[in-house]
>>> print(open('work_39.cif').read())   # mmCIF, C-alpha atoms
data_structure
#
loop_
_atom_site.group_PDB
_atom_site.id
_atom_site.type_symbol
_atom_site.label_atom_id
_atom_site.label_comp_id
_atom_site.auth_asym_id
_atom_site.auth_seq_id
_atom_site.Cartn_x
_atom_site.Cartn_y
_atom_site.Cartn_z
ATOM 1 C CA MET A 86 0.000 0.000 0.000
ATOM 2 C CA LYS A 87 2.848 2.390 0.871
ATOM 3 C CA LYS A 88 4.468 1.706 -2.517
ATOM 4 C CA TYR A 89 1.292 2.683 -4.359
ATOM 5 C CA LEU A 90 0.976 5.816 -2.250
ATOM 6 C CA ILE A 91 4.558 6.814 -3.050
ATOM 7 C CA VAL A 92 3.946 6.316 -6.777
ATOM 8 C CA ILE A 93 0.791 8.459 -6.633
ATOM 9 C CA LEU A 94 2.598 11.219 -4.741
ATOM 10 C CA VAL A 95 5.466 11.172 -7.230
ATOM 11 C CA LEU A 96 3.007 11.537 -10.114
ATOM 12 C CA ILE A 97 1.192 14.388 -8.379
ATOM 13 C CA PHE A 98 4.364 16.310 -7.659
ATOM 14 C CA SER A 99 5.623 15.684 -11.217
ATOM 15 C CA VAL A 100 2.500 17.363 -12.559
ATOM 16 C CA LEU A 101 2.879 20.230 -10.113
ATOM 17 C CA ASP A 102 6.517 20.753 -11.118
ATOM 18 C CA ALA A 103 5.800 20.700 -14.868
ATOM 19 C CA LYS A 104 5.842 24.118 -16.504
ATOM 20 C CA ASP A 105 3.572 25.720 -19.027
ATOM 21 C CA TYR A 106 5.566 27.945 -21.401
ATOM 22 C CA LYS A 107 3.983 30.754 -23.384
ATOM 23 C CA LEU A 108 5.444 30.228 -26.871
ATOM 24 C CA PHE A 109 6.115 33.056 -29.334
ATOM 25 C CA TYR A 110 7.136 32.430 -32.939
ATOM 26 C CA LEU A 111 9.503 34.968 -34.562
ATOM 27 C CA GLY A 112 9.885 34.705 -38.333
ATOM 28 C CA GLY A 113 10.612 36.524 -41.578
ATOM 29 C CA GLN A 114 13.759 37.504 -43.464
ATOM 30 C CA SER A 115 17.112 39.125 -42.688
ATOM 31 C CA ASN A 116 16.007 41.839 -40.266
ATOM 32 C CA MET A 117 14.427 39.077 -38.204
ATOM 33 C CA GLN A 118 17.594 37.017 -38.444
ATOM 34 C CA GLY A 119 19.314 40.095 -37.082
ATOM 35 C CA PHE A 120 22.343 42.256 -37.887
ATOM 36 C CA GLY A 121 22.740 43.958 -34.536
ATOM 37 C CA SER A 122 26.310 43.737 -33.236
ATOM 38 C CA VAL A 123 26.772 41.877 -29.951
ATOM 39 C CA SER A 124 29.904 43.923 -29.221
ATOM 40 C CA GLU A 125 27.843 47.126 -29.363
ATOM 41 C CA LEU A 126 25.210 46.082 -26.842
ATOM 42 C CA PRO A 127 24.964 48.414 -23.836
ATOM 43 C CA SER A 128 26.867 47.257 -20.758
ATOM 44 C CA ASP A 129 23.842 47.838 -18.519
ATOM 45 C CA LEU A 130 21.586 45.533 -20.538
ATOM 46 C CA PRO A 131 19.015 43.892 -18.214
ATOM 47 C CA GLU A 132 19.780 40.245 -17.564
ATOM 48 C CA ASN A 133 16.244 39.064 -16.862
ATOM 49 C CA TYR A 134 16.039 37.499 -20.331
ATOM 50 C CA LYS A 135 18.356 34.665 -19.313
ATOM 51 C CA ASP A 136 15.494 32.589 -17.929
ATOM 52 C CA ILE A 137 13.708 32.678 -21.299
ATOM 53 C CA MET A 138 14.166 29.669 -23.558
ATOM 54 C CA ILE A 139 14.881 29.925 -27.290
ATOM 55 C CA PHE A 140 14.911 27.448 -30.174
ATOM 56 C CA ASN A 141 16.571 28.950 -33.262
ATOM 57 C CA GLY A 142 15.865 26.600 -36.177
ATOM 58 C CA ASN A 143 18.575 26.342 -38.835
ATOM 59 C CA TRP A 144 17.585 28.107 -42.033
ATOM 60 C CA ASP A 145 18.189 26.548 -45.412
ATOM 61 C CA ASN A 146 17.594 27.277 -49.101
ATOM 62 C CA ASP A 147 14.569 26.187 -51.074
ATOM 63 C CA ASP A 148 14.886 22.686 -52.548
ATOM 64 C CA LYS A 149 17.314 21.609 -49.826
ATOM 65 C CA PRO A 150 16.454 18.645 -47.563
ATOM 66 C CA VAL A 151 14.231 19.646 -44.668
ATOM 67 C CA SER A 152 15.920 19.717 -41.271
ATOM 68 C CA GLY A 153 14.876 22.610 -38.987
ATOM 69 C CA VAL A 154 17.630 21.541 -36.608
ATOM 70 C CA GLY A 155 18.029 23.376 -33.322
ATOM 71 C CA ILE A 156 18.093 22.965 -29.556
ATOM 72 C CA TRP A 157 16.360 24.708 -26.683
ATOM 73 C CA GLU A 158 18.660 26.955 -24.696
ATOM 74 C CA ASN A 159 18.511 29.980 -22.418
ATOM 75 C CA MET A 160 18.309 33.269 -24.286
ATOM 76 C CA LYS A 161 21.563 35.149 -24.813
ATOM 77 C CA PRO A 162 23.090 37.462 -27.440
ATOM 78 C CA GLY A 163 24.392 35.668 -30.536
ATOM 79 C CA PHE A 164 21.269 34.190 -32.152
ATOM 80 C CA GLY A 165 21.481 36.597 -35.090
ATOM 81 C CA TYR A 166 22.715 36.147 -38.651
ATOM 82 C CA GLY A 167 25.380 33.420 -38.817
ATOM 83 C CA SER A 168 24.278 31.393 -35.794
ATOM 84 C CA ARG A 169 23.798 27.666 -36.385
ATOM 85 C CA SER A 170 23.062 24.430 -34.558
ATOM 86 C CA ASP A 171 24.023 20.801 -35.106
ATOM 87 C CA GLY A 172 21.160 19.589 -32.945
ATOM 88 C CA ILE A 173 23.504 19.044 -29.997
ATOM 89 C CA THR A 174 25.019 22.476 -29.447
ATOM 90 C CA ASN A 175 24.476 26.002 -30.734
ATOM 91 C CA THR A 176 27.178 27.998 -32.473
ATOM 92 C CA TYR A 177 26.632 31.687 -31.776
ATOM 93 C CA SER A 178 27.357 34.556 -34.113
ATOM 94 C CA GLU A 179 28.523 38.117 -33.497
ATOM 95 C CA ARG A 180 25.005 39.272 -34.380
ATOM 96 C CA PHE A 181 21.638 39.361 -32.670
ATOM 97 C CA GLY A 182 18.107 39.998 -33.852
ATOM 98 C CA PRO A 183 14.798 41.248 -32.393
ATOM 99 C CA GLU A 184 14.574 38.127 -30.208
ATOM 100 C CA LEU A 185 16.865 39.735 -27.630
ATOM 101 C CA GLY A 186 14.905 42.959 -27.113
ATOM 102 C CA PHE A 187 11.661 40.964 -27.293
ATOM 103 C CA ALA A 188 12.865 38.677 -24.502
ATOM 104 C CA ILE A 189 13.922 41.589 -22.287
ATOM 105 C CA LYS A 190 10.671 43.526 -22.698
ATOM 106 C CA ILE A 191 8.270 40.570 -22.602
ATOM 107 C CA ARG A 192 9.877 39.442 -19.334
ATOM 108 C CA GLU A 193 9.293 42.922 -17.942
ATOM 109 C CA LEU A 194 5.666 42.876 -19.096
ATOM 110 C CA MET A 195 4.952 39.247 -18.130
ATOM 111 C CA PRO A 196 7.127 38.657 -15.052
ATOM 112 C CA ASP A 197 5.140 35.683 -13.765
ATOM 113 C CA GLU A 198 5.025 33.694 -17.012
ATOM 114 C CA ASN A 199 7.415 31.079 -18.376
ATOM 115 C CA ILE A 200 8.456 32.307 -21.822
ATOM 116 C CA ALA A 201 9.761 30.374 -24.837
ATOM 117 C CA ILE A 202 10.741 31.764 -28.243
ATOM 118 C CA LEU A 203 10.837 29.733 -31.452
ATOM 119 C CA LYS A 204 12.680 31.501 -34.247
ATOM 120 C CA TYR A 205 12.981 30.558 -37.895
ATOM 121 C CA ALA A 206 13.914 33.236 -40.414
ATOM 122 C CA LYS A 207 15.933 33.436 -43.627
ATOM 123 C CA GLY A 208 17.365 36.498 -45.295
ATOM 124 C CA GLY A 209 16.236 37.601 -48.739
ATOM 125 C CA THR A 210 13.071 35.516 -48.816
ATOM 126 C CA SER A 211 9.785 36.591 -50.369
ATOM 127 C CA ILE A 212 6.262 35.340 -49.884
ATOM 128 C CA GLU A 213 5.530 35.425 -53.622
ATOM 129 C CA ILE A 214 6.841 32.455 -55.597
ATOM 130 C CA GLY A 215 9.690 33.435 -57.914
ATOM 131 C CA ALA A 216 10.109 36.919 -56.443
ATOM 132 C CA SER A 217 13.469 36.178 -54.852
ATOM 133 C CA ARG A 218 16.362 33.866 -55.622
ATOM 134 C CA TRP A 219 16.887 33.482 -51.869
ATOM 135 C CA GLY A 220 13.699 31.509 -51.329
ATOM 136 C CA CYS A 221 9.973 31.934 -50.752
ATOM 137 C CA TRP A 222 7.377 31.152 -48.104
ATOM 138 C CA ASP A 223 4.353 30.282 -50.246
ATOM 139 C CA PRO A 224 3.053 26.850 -49.145
ATOM 140 C CA ASP A 225 2.064 26.111 -52.773
ATOM 141 C CA TYR A 226 5.668 26.245 -54.002
ATOM 142 C CA SER A 227 6.181 23.294 -56.385
ATOM 143 C CA ASP A 228 9.461 23.992 -58.202
ATOM 144 C CA SER A 229 12.109 21.270 -58.251
ATOM 145 C CA THR A 230 11.727 19.290 -55.005
ATOM 146 C CA GLY A 231 8.758 21.334 -53.797
ATOM 147 C CA ILE A 232 10.620 22.145 -50.571
ATOM 148 C CA ASN A 233 10.799 25.788 -49.550
ATOM 149 C CA GLN A 234 10.755 28.069 -46.509
ATOM 150 C CA TRP A 235 7.323 26.872 -45.478
ATOM 151 C CA ASP A 236 8.681 23.332 -45.129
ATOM 152 C CA HIS A 237 11.779 24.470 -43.218
ATOM 153 C CA PHE A 238 9.529 26.465 -40.896
ATOM 154 C CA LEU A 239 7.268 23.467 -40.262
ATOM 155 C CA ALA A 240 10.303 21.285 -39.558
ATOM 156 C CA SER A 241 11.567 23.821 -37.013
ATOM 157 C CA VAL A 242 8.149 23.844 -35.338
ATOM 158 C CA ARG A 243 7.991 20.047 -35.219
ATOM 159 C CA ASN A 244 11.500 19.753 -33.806
ATOM 160 C CA ALA A 245 10.929 22.427 -31.191
ATOM 161 C CA MET A 246 7.542 21.088 -30.094
ATOM 162 C CA ALA A 247 8.824 17.512 -29.921
ATOM 163 C CA VAL A 248 11.123 18.314 -26.990
ATOM 164 C CA LYS A 249 9.319 17.343 -23.793
ATOM 165 C CA ASP A 250 11.685 19.016 -21.331
ATOM 166 C CA ILE A 251 12.883 22.261 -22.892
ATOM 167 C CA ASP A 252 14.573 23.634 -19.768
ATOM 168 C CA GLY A 253 16.367 20.416 -18.802
ATOM 169 C CA ASP A 254 15.037 20.249 -15.258
ATOM 170 C CA GLY A 255 13.888 16.648 -15.603
ATOM 171 C CA GLU A 256 10.192 17.525 -15.754
ATOM 172 C CA GLU A 257 7.958 17.571 -18.823
ATOM 173 C CA ASP A 258 7.060 21.030 -20.109
ATOM 174 C CA ARG A 259 4.111 22.198 -22.189
ATOM 175 C CA LEU A 260 4.478 24.740 -24.994
ATOM 176 C CA ILE A 261 1.395 26.916 -25.502
ATOM 177 C CA PRO A 262 1.516 29.051 -28.681
ATOM 178 C CA VAL A 263 0.330 32.582 -27.901
ATOM 179 C CA GLY A 264 1.856 34.909 -30.502
ATOM 180 C CA ILE A 265 3.452 35.370 -33.935
ATOM 181 C CA VAL A 266 5.973 38.110 -34.737
ATOM 182 C CA TRP A 267 6.787 38.744 -38.417
ATOM 183 C CA MET A 268 9.457 40.959 -40.030
ATOM 184 C CA GLN A 269 9.540 40.523 -43.811
ATOM 185 C CA GLY A 270 8.531 42.085 -47.116
ATOM 186 C CA GLU A 271 11.640 43.756 -48.520
ATOM 187 C CA SER A 272 12.128 41.107 -51.207
ATOM 188 C CA ASP A 273 8.510 41.396 -52.338
ATOM 189 C CA ALA A 274 8.854 45.188 -52.531
ATOM 190 C CA ASP A 275 12.113 44.883 -54.473
ATOM 191 C CA ASN A 276 10.729 42.512 -57.117
ATOM 192 C CA SER A 277 8.034 44.215 -59.167
ATOM 193 C CA GLU A 278 4.974 46.422 -58.844
ATOM 194 C CA GLU A 279 2.750 43.406 -59.486
ATOM 195 C CA THR A 280 4.379 41.388 -56.703
ATOM 196 C CA ALA A 281 4.321 44.310 -54.269
ATOM 197 C CA LYS A 282 0.616 44.911 -54.906
ATOM 198 C CA LYS A 283 -0.116 41.274 -54.045
ATOM 199 C CA TYR A 284 1.732 41.493 -50.729
ATOM 200 C CA GLY A 285 -1.309 42.221 -48.564
ATOM 201 C CA ALA A 286 -3.201 39.167 -49.809
ATOM 202 C CA ASN A 287 -0.071 37.009 -49.651
ATOM 203 C CA LEU A 288 0.670 38.147 -46.099
ATOM 204 C CA ARG A 289 -2.851 37.431 -44.894
ATOM 205 C CA ARG A 290 -2.827 33.946 -46.397
ATOM 206 C CA LEU A 291 0.592 33.113 -44.956
ATOM 207 C CA MET A 292 -0.336 34.362 -41.478
ATOM 208 C CA ASP A 293 -3.515 32.265 -41.639
ATOM 209 C CA MET A 294 -1.381 29.251 -42.543
ATOM 210 C CA ILE A 295 1.089 29.900 -39.718
ATOM 211 C CA ARG A 296 -1.813 30.316 -37.312
ATOM 212 C CA ALA A 297 -3.166 26.967 -38.500
ATOM 213 C CA ALA A 298 0.261 25.385 -37.973
ATOM 214 C CA PHE A 299 0.015 26.387 -34.320
ATOM 215 C CA ARG A 300 -3.656 25.299 -34.225
ATOM 216 C CA TYR A 301 -4.827 28.689 -33.023
ATOM 217 C CA ASP A 302 -6.908 30.620 -35.572
ATOM 218 C CA ASP A 303 -6.900 33.935 -33.712
ATOM 219 C CA ILE A 304 -3.377 33.842 -32.309
ATOM 220 C CA PRO A 305 -2.123 37.462 -32.149
ATOM 221 C CA VAL A 306 0.202 38.602 -34.946
ATOM 222 C CA VAL A 307 2.567 41.570 -34.782
ATOM 223 C CA ILE A 308 4.351 42.629 -37.959
ATOM 224 C CA GLY A 309 7.141 45.120 -38.523
ATOM 225 C CA GLN A 310 6.752 47.776 -41.221
ATOM 226 C CA ILE A 311 9.581 47.401 -43.707
ATOM 227 C CA ALA A 312 11.867 50.407 -44.173
ATOM 228 C CA ASP A 313 14.111 51.731 -46.926
ATOM 229 C CA SER A 314 17.688 52.781 -46.175
ATOM 230 C CA GLY A 315 17.601 55.383 -48.940
ATOM 231 C CA ASN A 316 21.050 54.300 -50.106
ATOM 232 C CA ASP A 317 20.312 53.745 -53.786
ATOM 233 C CA GLU A 318 22.753 55.790 -55.883
ATOM 234 C CA LYS A 319 20.163 56.588 -58.575
ATOM 235 C CA ASP A 320 17.133 57.870 -56.702
ATOM 236 C CA GLY A 321 17.753 56.953 -53.057
ATOM 237 C CA ALA A 322 15.069 54.256 -52.903
ATOM 238 C CA MET A 323 16.292 50.677 -52.586
ATOM 239 C CA MET A 324 12.737 49.412 -53.152
ATOM 240 C CA ASP A 325 10.801 51.260 -55.845
ATOM 241 C CA ASN A 326 7.553 49.506 -54.929
ATOM 242 C CA ILE A 327 7.736 49.753 -51.153
ATOM 243 C CA LYS A 328 4.546 51.828 -50.894
ATOM 244 C CA TYR A 329 2.485 48.895 -52.142
ATOM 245 C CA VAL A 330 3.925 46.586 -49.508
ATOM 246 C CA TRP A 331 3.203 49.250 -46.890
ATOM 247 C CA GLU A 332 -0.385 49.354 -48.110
ATOM 248 C CA GLY A 333 -0.565 45.565 -47.788
ATOM 249 C CA GLU A 334 0.887 45.614 -44.284
ATOM 250 C CA PHE A 335 -1.518 48.265 -43.019
ATOM 251 C CA SER A 336 -4.455 46.619 -44.758
ATOM 252 C CA PHE A 337 -3.638 43.380 -42.977
ATOM 253 C CA VAL A 338 -3.625 44.889 -39.483
ATOM 254 C CA GLU A 339 -6.604 47.161 -40.138
ATOM 255 C CA ASN A 340 -8.744 44.163 -41.100
ATOM 256 C CA ASP A 341 -7.533 41.778 -38.404
ATOM 257 C CA PRO A 342 -8.504 42.572 -34.789
ATOM 258 C CA ALA A 343 -5.763 40.226 -33.556
ATOM 259 C CA ALA A 344 -2.970 41.985 -35.458
ATOM 260 C CA ALA A 345 -0.765 45.042 -34.883
ATOM 261 C CA ILE A 346 2.127 46.768 -36.656
ATOM 262 C CA VAL A 347 5.389 48.297 -35.430
ATOM 263 C CA THR A 348 6.269 51.474 -37.348
ATOM 264 C CA SER A 349 9.370 52.620 -35.433
ATOM 265 C CA THR A 350 11.432 50.902 -38.157
ATOM 266 C CA GLN A 351 11.177 54.126 -40.181
ATOM 267 C CA ASP A 352 13.518 55.814 -37.685
ATOM 268 C CA TYR A 353 16.249 53.163 -37.482
ATOM 269 C CA ASN A 354 19.799 53.526 -38.740
ATOM 270 C CA PHE A 355 21.101 50.938 -41.214
ATOM 271 C CA VAL A 356 24.462 49.148 -41.116
ATOM 272 C CA ASP A 357 24.282 48.672 -44.907
ATOM 273 C CA ASP A 358 21.678 49.004 -47.675
ATOM 274 C CA TRP A 359 19.196 46.634 -46.063
ATOM 275 C CA HIS A 360 19.790 45.903 -42.388
ATOM 276 C CA PHE A 361 18.983 47.632 -39.116
ATOM 277 C CA GLY A 362 21.928 48.297 -36.821
ATOM 278 C CA THR A 363 22.352 47.477 -33.143
ATOM 279 C CA GLU A 364 19.997 50.095 -31.711
ATOM 280 C CA GLY A 365 17.322 49.292 -34.264
ATOM 281 C CA ALA A 366 17.513 45.528 -33.796
ATOM 282 C CA LEU A 367 17.221 45.939 -30.026
ATOM 283 C CA ASP A 368 14.407 48.488 -30.157
ATOM 284 C CA LEU A 369 12.491 46.447 -32.726
ATOM 285 C CA GLY A 370 12.328 43.620 -30.211
ATOM 286 C CA TYR A 371 11.103 46.015 -27.514
ATOM 287 C CA GLN A 372 8.385 47.372 -29.799
ATOM 288 C CA PHE A 373 7.304 43.888 -30.892
ATOM 289 C CA ALA A 374 6.875 42.893 -27.249
ATOM 290 C CA GLU A 375 4.892 46.035 -26.386
ATOM 291 C CA LYS A 376 2.508 45.477 -29.288
ATOM 292 C CA MET A 377 2.190 41.777 -28.542
ATOM 293 C CA PHE A 378 1.424 42.399 -24.884
ATOM 294 C CA GLY A 379 -1.277 44.860 -25.893
ATOM 295 C CA LEU A 380 -2.925 42.254 -28.124
ATOM 296 C CA LEU A 381 -2.759 39.630 -25.396
ATOM 297 C CA GLN A 382 -4.670 41.936 -23.058
ATOM 298 C CA LYS A 383 -7.680 42.151 -25.378
#
>>> encode(input="work_39.cif", output="structure tokens")
Amino acid sequence: MKKYLIVILVLIFSVLDAKDYKLFYLGGQSNMQGFGSVSELPSDLPENYKDIMIFNGNWDNDDKPVSGVGIWENMKPGFGYGSRSDGITNTYSERFGPELGFAIKIRELMPDENIAILKYAKGGTSIEIGASRWGCWDPDYSDSTGINQWDHFLASVRNAMAVKDIDGDGEEDRLIPVGIVWMQGESDADNSEETAKKYGANLRRLMDMIRAAFRYDDIPVVIGQIADSGNDEKDGAMMDNIKYVWEGEFSFVENDPAAAIVTSTQDYNFVDDWHFGTEGALDLGYQFAEKMFGLLQK
């Protein structure tokens, strides 16, 4: 009888010790991958993000075998452009993306919640098929092998969600999807007027598909307004059709009560023709978290 009682108590305490993690997905192209410089981060950066878990799925090109390899680890700088994983360890880069500022601010706003971030992003990618040589997100992509960013994203989700104990404390954890953060659109704006004008419809369809992947139709979505560096030697504009993508972005959030847009991107400095610098990458994460928290309060 005592043995049975001990077993029951162990099971009860195992359930009590298990954690529910609020899961946020961060995706898009290069400004979501992140070009902020780790060496330029402020020395007084809050450290309360270190208890937040992150899974940064390896990106790959279209038509490459699906992997989505990554591991769960405590948040830290270095998950920006150039970071990789072999499924056993993470190799950090000298860059960081919006995930860092997002982690800092969302911890401040949700101090009593367990937070997990799943990131999969790839630079240069479009939503429209054929709009970028760097890859596309359209689930209907059928060129060559038929594998594209949508498949790599799904693989990252499967791999991340398959881990039962993401924090390594010996107890099973539960990942509860609660938000999507999206920073993308430059490649669609840089392709053609026709592609840029389709961005709003393409964005809505893709967000609906990502919501379905997380089995949550009304999961909040925060997007970042794309910005132009103004560095083109001819007329200053890197993306001649950016206004149509802006129209698509604002149309999406105006017609979706569970969506919001971050516009502070228009004020960021660029490290090159396309990428936000350290201050911008950090602030973008802060702004994403503020907007997401607002949606979660509705």
>>> residues_around(input="work_39.cif", residues="Lys249 in chain A", least_positions_apart="2", cutoff="9 Å", atoms="all atoms listed in the file", output="list in words")
Met246, Ala247, Ile251, Glu256, Glu257, Asp258, Arg259 and Leu260 of chain A
>>> resolve_selection(input="work_39.cif", expression="the PyMOL selection byres ((chain A and resi 192-203) around 10)", output="number ranges by chain")
A: 104-112, 131, 133-142, 155, 157-160, 184, 186-191, 204-205, 241-242, 245-246, 251-252, 260-262, 264-265, 374-375, 378-379
>>> write_last_selection(input="work_39.cif", atoms="C-alpha atoms", output="compact mmCIF listing (two decimals), keeping the file's coordinate frame")
# COMPACT_ATOMS: atom_id res chain seq x y z
CA LYS A 104 5.84 24.12 -16.50
CA ASP A 105 3.57 25.72 -19.03
CA TYR A 106 5.57 27.94 -21.40
CA LYS A 107 3.98 30.75 -23.38
CA LEU A 108 5.44 30.23 -26.87
CA PHE A 109 6.12 33.06 -29.33
CA TYR A 110 7.14 32.43 -32.94
CA LEU A 111 9.50 34.97 -34.56
CA GLY A 112 9.88 34.70 -38.33
CA PRO A 131 19.02 43.89 -18.21
CA ASN A 133 16.24 39.06 -16.86
CA TYR A 134 16.04 37.50 -20.33
CA LYS A 135 18.36 34.66 -19.31
CA ASP A 136 15.49 32.59 -17.93
CA ILE A 137 13.71 32.68 -21.30
CA MET A 138 14.17 29.67 -23.56
CA ILE A 139 14.88 29.92 -27.29
CA PHE A 140 14.91 27.45 -30.17
CA ASN A 141 16.57 28.95 -33.26
CA GLY A 142 15.86 26.60 -36.18
CA GLY A 155 18.03 23.38 -33.32
CA TRP A 157 16.36 24.71 -26.68
CA GLU A 158 18.66 26.96 -24.70
CA ASN A 159 18.51 29.98 -22.42
CA MET A 160 18.31 33.27 -24.29
CA GLU A 184 14.57 38.13 -30.21
CA GLY A 186 14.90 42.96 -27.11
CA PHE A 187 11.66 40.96 -27.29
CA ALA A 188 12.86 38.68 -24.50
CA ILE A 189 13.92 41.59 -22.29
CA LYS A 190 10.67 43.53 -22.70
CA ILE A 191 8.27 40.57 -22.60
CA LYS A 204 12.68 31.50 -34.25
CA TYR A 205 12.98 30.56 -37.90
CA SER A 241 11.57 23.82 -37.01
CA VAL A 242 8.15 23.84 -35.34
CA ALA A 245 10.93 22.43 -31.19
CA MET A 246 7.54 21.09 -30.09
CA ILE A 251 12.88 22.26 -22.89
CA ASP A 252 14.57 23.63 -19.77
CA LEU A 260 4.48 24.74 -24.99
CA ILE A 261 1.40 26.92 -25.50
CA PRO A 262 1.52 29.05 -28.68
CA GLY A 264 1.86 34.91 -30.50
CA ILE A 265 3.45 35.37 -33.94
CA ALA A 374 6.88 42.89 -27.25
CA GLU A 375 4.89 46.04 -26.39
CA PHE A 378 1.42 42.40 -24.88
CA GLY A 379 -1.28 44.86 -25.89
>>> atom_distance(input="work_39.cif", atom1="CA of Arg290 in chain A", atom2="CA of Phe238 in chain A")
15.5 Å
>>> atom_distance(input="work_39.cif", atom1="CA of Lys376 in chain A", atom2="CA of Trp331 in chain A")
18.0 Å
>>> closest_residue(input="work_39.cif", among="A:Glu334, A:Asp225, A:Glu213, A:Asp250", to="Trp267 in chain A", atoms="all atoms listed in the file")
A:Glu334
>>> closest_residue(input="work_39.cif", among="A:Glu364, A:Asp148, A:Asp341, A:Asp358", to="Val307 in chain A", atoms="all atoms listed in the file")
A:Asp341
>>> resolve_selection(input="work_39.cif", expression="the PyMOL selection byres ((chain A and resi 117) around 7)", output="ChimeraX atom specification")
/A:112-116,118-119,182-183,206,268
>>> atom_distance(input="work_39.cif", atom1="CA of Ile311 in chain A", atom2="CA of Val330 in chain A")
8.1 Å
>>> closest_residue(input="work_39.cif", among="A:Asp303, A:Asp273, A:Asp352, A:Asp293", to="Asp325 in chain A", atoms="only C-alpha atoms")
A:Asp273
>>> residues_around(input="work_39.cif", residues="Ala322 in chain A", least_positions_apart="3", cutoff="12 Å", atoms="only C-alpha atoms", output="ChimeraX atom specification")
/A:271,274-275,312-319,325-328,358-359
>>> resolve_selection(input="work_39.cif", expression="the PyMOL selection byres ((chain A and resi 302) around 12)", output="ChimeraX atom specification")
/A:262-265,292-301,303-306,341,343
>>> axis_aligned_box(input="work_39.cif", around="range 106-113 of chain A", padding_each_side="4 Å", output="lines of an AutoDock Vina configuration file")
center_x = 7.3
center_y = 32.2
center_z = -31.5
size_x = 14.6
size_y = 16.6
size_z = 28.2
>>> closest_residue(input="work_39.cif", among="A:Met323, A:Ile173, A:Ala345, A:Ala216", to="Ala281 in chain A", atoms="only C-alpha atoms")
A:Ala216
>>> closest_residue(input="work_39.cif", among="A:Ser211, A:Val248, A:Glu125, A:Ile346", to="Met377 in chain A", atoms="only C-alpha atoms")
A:Ile346
